[in-house]
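Asks: Below is the file run-v9.txt, with compact mmCIF, C-alpha atoms.
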# COMPACT_ATOMS: atom_id res chain seq x y z
CA MET A 118 41.99 -55.01 -46.22
CA PRO A 119 42.03 -51.19 -46.41
CA ILE A 120 42.96 -49.47 -49.65
CA MET A 121 46.17 -47.50 -49.26
CA SER A 122 47.07 -44.49 -51.38
CA ARG A 123 49.87 -46.51 -52.99
CA ASP A 124 47.25 -48.97 -54.34
CA ILE A 125 45.48 -46.18 -56.21
CA ILE A 126 46.90 -45.66 -59.68
CA TYR A 127 44.36 -43.13 -60.98
CA GLU A 128 41.71 -40.90 -59.46
CA ASP A 129 39.59 -37.96 -60.55
CA ASN A 130 36.13 -36.65 -59.66
CA HIS A 131 34.37 -39.51 -61.46
CA LEU A 132 36.70 -42.54 -61.54
CA ILE A 133 39.15 -44.34 -59.30
CA ALA A 134 41.48 -47.17 -60.36
CA VAL A 135 43.18 -49.63 -58.02
CA ASN A 136 46.10 -51.99 -58.66
CA LYS A 137 44.42 -55.20 -57.50
CA LYS A 138 46.57 -57.74 -55.71
CA PRO A 139 46.21 -61.47 -56.47
CA GLY A 140 43.71 -63.02 -54.08
CA GLU A 141 41.54 -59.93 -53.70
CA ILE A 142 37.95 -60.02 -54.92
CA VAL A 143 36.39 -57.09 -56.74
CA GLN A 144 32.79 -57.63 -55.66
CA GLY A 145 31.24 -59.54 -52.76
CA ASP A 146 30.78 -63.30 -53.20
CA LYS A 147 29.89 -66.39 -51.19
CA THR A 148 33.26 -66.38 -49.38
CA GLY A 149 32.22 -63.35 -47.34
CA ASP A 150 35.67 -61.80 -47.81
CA GLU A 151 35.75 -58.01 -48.02
CA PRO A 152 35.69 -56.97 -51.68
CA LEU A 153 37.71 -54.14 -53.19
CA SER A 154 34.50 -52.21 -53.80
CA GLU A 155 33.92 -51.92 -50.04
CA ALA A 156 37.56 -51.06 -49.39
CA VAL A 157 37.34 -48.25 -51.97
CA LYS A 158 34.16 -46.94 -50.31
CA ALA A 159 35.95 -46.86 -46.96
CA TYR A 160 38.89 -45.02 -48.53
CA LEU A 161 36.61 -42.41 -50.11
CA LYS A 162 34.61 -41.91 -46.92
CA LEU A 163 37.75 -41.40 -44.84
CA THR A 164 39.77 -39.36 -47.34
CA TYR A 165 37.00 -36.94 -48.20
CA ALA A 166 35.14 -37.02 -44.86
CA LYS A 167 31.93 -37.99 -46.62
CA PRO A 168 28.82 -38.34 -44.43
CA GLY A 169 26.40 -41.21 -44.98
CA ASN A 170 26.70 -43.79 -47.73
CA VAL A 171 29.44 -43.47 -50.31
CA PHE A 172 28.85 -44.36 -53.97
CA CYS A 173 31.29 -46.79 -55.58
CA GLY A 174 30.17 -48.45 -58.80
CA VAL A 175 31.73 -51.70 -60.00
CA ILE A 176 32.48 -51.26 -63.70
CA HIS A 177 34.27 -54.54 -64.42
CA ARG A 178 35.93 -57.44 -62.61
CA LEU A 179 39.09 -59.55 -62.62
CA ASP A 180 39.34 -63.18 -61.52
CA ARG A 181 40.49 -63.61 -57.93
CA PRO A 182 44.02 -64.94 -58.74
CA VAL A 183 44.63 -62.18 -61.33
CA SER A 184 46.28 -58.83 -60.54
CA GLY A 185 46.16 -55.41 -62.17
CA VAL A 186 43.97 -52.46 -63.09
CA VAL A 187 40.44 -52.43 -61.70
CA LEU A 188 38.35 -49.35 -62.40
CA PHE A 189 35.48 -48.09 -60.20
CA SER A 190 33.12 -45.16 -60.65
CA LYS A 191 32.59 -42.45 -58.04
CA THR A 192 29.39 -41.17 -59.70
CA SER A 193 26.31 -42.82 -61.22
CA LYS A 194 26.85 -40.80 -64.41
CA ALA A 195 30.32 -42.25 -64.87
CA LEU A 196 29.11 -45.77 -64.07
CA SER A 197 26.39 -45.65 -66.72
CA ARG A 198 28.70 -44.26 -69.39
CA MET A 199 31.57 -46.63 -68.59
CA ASN A 200 29.19 -49.60 -68.69
CA THR A 201 28.26 -48.51 -72.21
CA LEU A 202 31.92 -48.26 -73.25
CA PHE A 203 32.64 -51.77 -71.96
CA ARG A 204 29.49 -53.19 -73.54
CA GLU A 205 30.36 -51.63 -76.91
CA ARG A 206 34.00 -52.80 -76.63
CA GLU A 207 35.38 -49.28 -76.74
CA ILE A 208 37.86 -50.04 -73.94
CA GLN A 209 41.33 -51.25 -74.89
CA LYS A 210 42.53 -53.88 -72.43
CA ILE A 211 46.16 -54.98 -72.33
CA TYR A 212 47.33 -57.88 -70.19
CA TRP A 213 50.78 -59.21 -69.42
CA THR A 214 51.24 -62.87 -68.64
CA ILE A 215 54.06 -65.33 -68.01
CA VAL A 216 53.55 -68.71 -69.60
CA ARG A 217 55.43 -71.95 -69.86
CA ASN A 218 57.17 -72.64 -73.17
CA LYS A 219 57.82 -70.28 -76.04
CA PRO A 220 55.30 -69.40 -78.74
CA ALA A 221 55.98 -70.58 -82.27
CA LYS A 222 55.40 -67.05 -83.57
CA GLN A 223 56.45 -63.63 -82.32
CA GLU A 224 52.87 -62.40 -82.75
CA GLU A 225 49.67 -64.28 -83.46
CA GLU A 226 45.89 -64.03 -83.33
CA LEU A 227 44.09 -66.98 -81.74
CA THR A 228 40.44 -67.82 -82.23
CA HIS A 229 38.64 -70.64 -80.41
CA TYR A 230 35.13 -71.59 -79.42
CA LEU A 231 34.54 -71.86 -75.69
CA ILE A 232 31.79 -73.36 -73.61
CA LYS A 233 31.38 -72.50 -69.94
CA ASN A 234 30.65 -75.05 -67.23
CA GLU A 235 28.81 -73.04 -64.57
CA LYS A 236 29.16 -75.65 -61.82
CA GLN A 237 32.91 -75.93 -62.27
CA ASN A 238 33.38 -72.21 -63.00
CA LYS A 239 35.57 -73.29 -65.89
CA SER A 240 35.56 -72.91 -69.67
CA TYR A 241 36.49 -75.55 -72.23
CA ILE A 242 37.52 -75.49 -75.87
CA SER A 243 34.56 -76.49 -78.01
CA TYR A 244 33.53 -76.25 -81.66
CA PRO A 245 31.28 -73.94 -83.70
CA GLY A 246 27.66 -74.91 -83.66
CA LYS A 247 27.65 -76.63 -80.28
CA PRO A 248 24.90 -75.15 -78.07
CA GLY A 249 26.40 -72.59 -75.74
CA ALA A 250 29.74 -72.39 -77.55
CA LEU A 251 30.96 -68.82 -78.11
CA ALA A 252 33.74 -67.58 -80.37
CA CYS A 253 36.63 -65.82 -78.67
CA THR A 254 39.70 -64.12 -80.06
CA LEU A 255 42.90 -62.64 -78.66
CA ARG A 256 46.17 -61.36 -80.06
CA TYR A 257 49.47 -61.94 -78.33
CA LYS A 258 52.94 -60.52 -78.75
CA LEU A 259 56.11 -62.09 -77.32
CA LEU A 260 57.95 -59.50 -75.21
CA LYS A 261 60.73 -61.60 -73.65
CA SER A 262 61.59 -65.25 -73.14
CA SER A 263 63.95 -67.47 -71.17
CA ASP A 264 64.64 -71.19 -71.42
CA ASN A 265 61.40 -72.18 -69.70
CA TYR A 266 59.15 -69.10 -69.61
CA SER A 267 57.82 -66.40 -71.90
CA LEU A 268 56.42 -62.95 -71.16
CA LEU A 269 53.51 -62.16 -73.45
CA GLU A 270 51.45 -59.05 -74.07
CA ILE A 271 47.81 -59.96 -74.64
CA TYR A 272 45.07 -58.02 -76.42
CA PRO A 273 41.70 -59.74 -75.83
CA LEU A 274 39.34 -58.92 -78.68
CA THR A 275 36.36 -60.55 -76.98
CA GLY A 276 35.42 -60.83 -73.31
CA ARG A 277 34.62 -64.49 -72.72
CA HIS A 278 34.85 -66.29 -69.39
CA HIS A 279 38.51 -67.17 -68.61
CA GLN A 280 39.33 -66.80 -72.29
CA ILE A 281 43.00 -65.78 -71.92
CA ARG A 282 43.62 -68.65 -69.53
CA VAL A 283 41.97 -71.35 -71.60
CA GLN A 284 43.14 -70.11 -75.01
CA LEU A 285 46.81 -70.01 -74.01
CA ALA A 286 46.55 -73.44 -72.38
CA ALA A 287 45.04 -74.75 -75.62
CA VAL A 288 48.22 -73.83 -77.54
CA ASP A 289 50.54 -75.41 -74.93
CA MET A 290 51.33 -72.17 -73.12
CA PRO A 291 49.63 -72.51 -69.72
CA ILE A 292 49.88 -69.46 -67.47
CA ILE A 293 52.32 -69.95 -64.59
CA GLY A 294 50.44 -71.02 -61.47
CA ASP A 295 47.17 -71.70 -63.30
CA VAL A 296 46.66 -75.36 -62.34
CA LYS A 297 42.97 -75.00 -63.24
CA TYR A 298 44.05 -74.75 -66.86
CA GLY A 299 46.94 -77.18 -66.98
CA ASP A 300 49.99 -75.63 -65.33
CA LYS A 301 52.23 -77.99 -63.41
CA ARG A 302 52.08 -76.38 -59.98
CA ALA A 303 50.36 -73.62 -58.05
CA ASN A 304 52.14 -70.43 -57.01
CA GLU A 305 52.82 -70.12 -53.28
CA ASP A 306 50.43 -67.17 -52.97
CA ALA A 307 47.70 -68.88 -55.04
CA SER A 308 48.13 -66.23 -57.77
CA ILE A 309 48.43 -66.88 -61.47
CA CYS A 310 50.87 -64.86 -63.55
CA LEU A 311 48.22 -62.88 -65.39
CA HIS A 312 48.22 -59.13 -64.89
CA ALA A 313 45.77 -56.52 -66.23
CA ARG A 314 48.53 -54.16 -67.31
CA GLU A 315 46.65 -51.29 -68.94
CA LEU A 316 43.20 -49.84 -69.66
CA CYS A 317 42.75 -47.14 -72.30
CA PHE A 318 39.46 -45.36 -72.96
CA THR A 319 37.77 -42.04 -73.59
CA HIS A 320 36.88 -40.43 -70.26
CA PRO A 321 33.08 -40.61 -69.83
CA VAL A 322 32.78 -36.97 -68.72
CA SER A 323 35.80 -34.98 -69.93
CA GLY A 324 36.15 -36.79 -73.27
CA HIS A 325 39.93 -36.99 -72.86
CA LYS A 326 41.89 -40.14 -73.76
CA ILE A 327 42.93 -41.94 -70.55
CA CYS A 328 45.45 -44.77 -70.22
CA ILE A 329 45.91 -46.35 -66.78
CA LYS A 330 48.88 -48.65 -66.24
CA ALA A 331 49.38 -50.98 -63.26
CA PRO A 332 52.88 -51.85 -61.97
CA ILE A 333 53.61 -55.58 -62.11
CA PRO A 334 53.38 -57.68 -58.93
CA ASP A 335 56.36 -58.07 -56.61
CA GLN A 336 56.63 -61.79 -57.26
CA LYS A 337 59.54 -64.00 -58.28
CA TYR A 338 58.35 -64.96 -61.74
CA TRP A 339 57.76 -61.35 -62.75
CA HIS A 340 61.26 -60.44 -61.58
CA LEU A 341 62.68 -62.88 -64.14
CA PHE A 342 61.89 -60.25 -66.77
CA ASP A 343 62.88 -57.05 -64.92
Render the structure in this file as structure tokens.
Replies:
Amino acid sequence: MPIMSRDIIYEDNHLIAVNKKPGEIVQGDKTGDEPLSEAVKAYLKLTYAKPGNVFCGVIHRLDRPVSGVVLFSKTSKALSRMNTLFREREIQKIYWTIVRNKPAKQEEELTHYLIKNEKQNKSYISYPGKPGALACTLRYKLLKSSDNYSLLEIYPLTGRHHQIRVQLAAVDMPIIGDVKYGDKRANEDASICLHARELCFTHPVSGHKICIKAPIPDQKYWHLFD
């Protein structure tokens, strides 16, 4: 699927950010579906009439059913420096999610130990000391709630596999549509109501503070909290 200008939420000489739709993949996988990285290359080649191969570095990824900010690099310099920022956890990530039920507290920090099952591509709550178990922590803040659903703002403090999904399910707040982690039913578009809302970081070349915010999906559950 081609990248349209409306999908691009930030662009400069070194970086380009796209508002990923649920169902899109960031990087090529065994499905053979066109990844966003290739769509961004095609956009850059066409928009700037670039001859030959176009550089587009994948800095980070989102799960296929998740929407929101995905950042790519247009230069190798930016890719190397952004990789360092992610590795050293100098990127602030903010997610929004809609969950079933209402949290007991307005704000809370959750810490669990997770173990990943590679064959199932799924993580499970475990305990400290078990081989392969890794600590993970997130903070959440309740933004709005209705009788059945709550809109949370999430600050992941670690970057474990599926950690937001499994941690919220562990405290009886499964993400809407996330049947893999205990929700009652799938969404019609196979999405889950988890959205990478914002990325904030120091620009790898200019040194300026950058915050990139992605509009929420046009989907019925998100409209409950308009």
Asks: Would you list the contacts of Cys253 (chain A) as a list of chain:residue names, taking every protein, DNA or RNA residue within 10 Å and counting all atoms listed in the file, but skipping same-chain residues closer than 2 positions in sequence?
Replies: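 Here the qualifying residues turn out to be A:Leu227, A:Thr228, A:His229, A:Tyr230, A:Leu231, A:Ala250, A:Leu251, A:Leu255, A:Pro273, A:Leu274, A:Thr275, A:Gly276, A:Arg277, A:His278, A:Gln280, A:Ile281, A:Gln284.
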Asks: At a cut-off of 10 Å, using all atoms listed in the file, what residues contact Val171 (chain A)? Leave out same-chain residues fewer than 3 positions from it and give the result as a list of chain:residue names.
Replies: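 So the residues in contact are A:Glu155, A:Val157, A:Lys158, A:Ala159, A:Tyr160, A:Leu161, A:Lys162, A:Lys167, A:Pro168, A:Gly174, A:Lys191, A:Thr192.
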Asks: Work out how far CA of Ala134 (chain A) is from CA of Ala156 (chain A), in Å to one decimal.
Replies: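 These two atoms are separated by 12.3 Å.
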Asks: What does the distance from CA of Arg256 (chain A) to CA of Cys310 (chain A) come to in Å, to one decimal?
Replies: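 Separating CA of Arg256 (chain A) from CA of Cys310 (chain A) is a distance of 17.5 Å.
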Asks: Hey, can you check how far CA of Asp180 (chain A) sits from CA of Leu311 (chain A)?
Replies: 9.7 Å
Asks: Neighbouring residues of Lys138 (chain A) were defined as those with any atom within 8 Å, considering all atoms listed in the file; residues of the same chain fewer than 5 positions away were excluded. Please report them as a VMD selection string.
Replies: chain A and resid 183 to 185 334
Asks: Here is a test: counting all atoms listed in the file, which residue of A:Ser193, A:Gln336, A:Gln209, A:Ser308 is nearest to Tyr272 (chain A)?
Replies: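 Among A:Ser193, A:Gln336, A:Gln209, A:Ser308, it is A:Gln209 that comes nearest to Tyr272 (chain A).
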Asks: Can you tell me, as number ranges by chain, what residues are no more than 10 Å from Asp289 (chain A) when counting all atoms listed in the file, ignoring any on the same chain fewer than 5 positions away?
Replies: A: 216-220, 284, 299-300
Asks: Which residue, A:Arg178, A:Thr214, A:Glu226, A:Ser243, has the smallest gap to Arg282 (chain A) when you use only C-alpha atoms?
Replies: A:Thr214
Asks: Pick out the closest residue to His312 (chain A) from this set: A:Thr164, A:Asn170, A:Asn136, A:Asn234. Count only C-alpha atoms.
Replies: A:Asn136
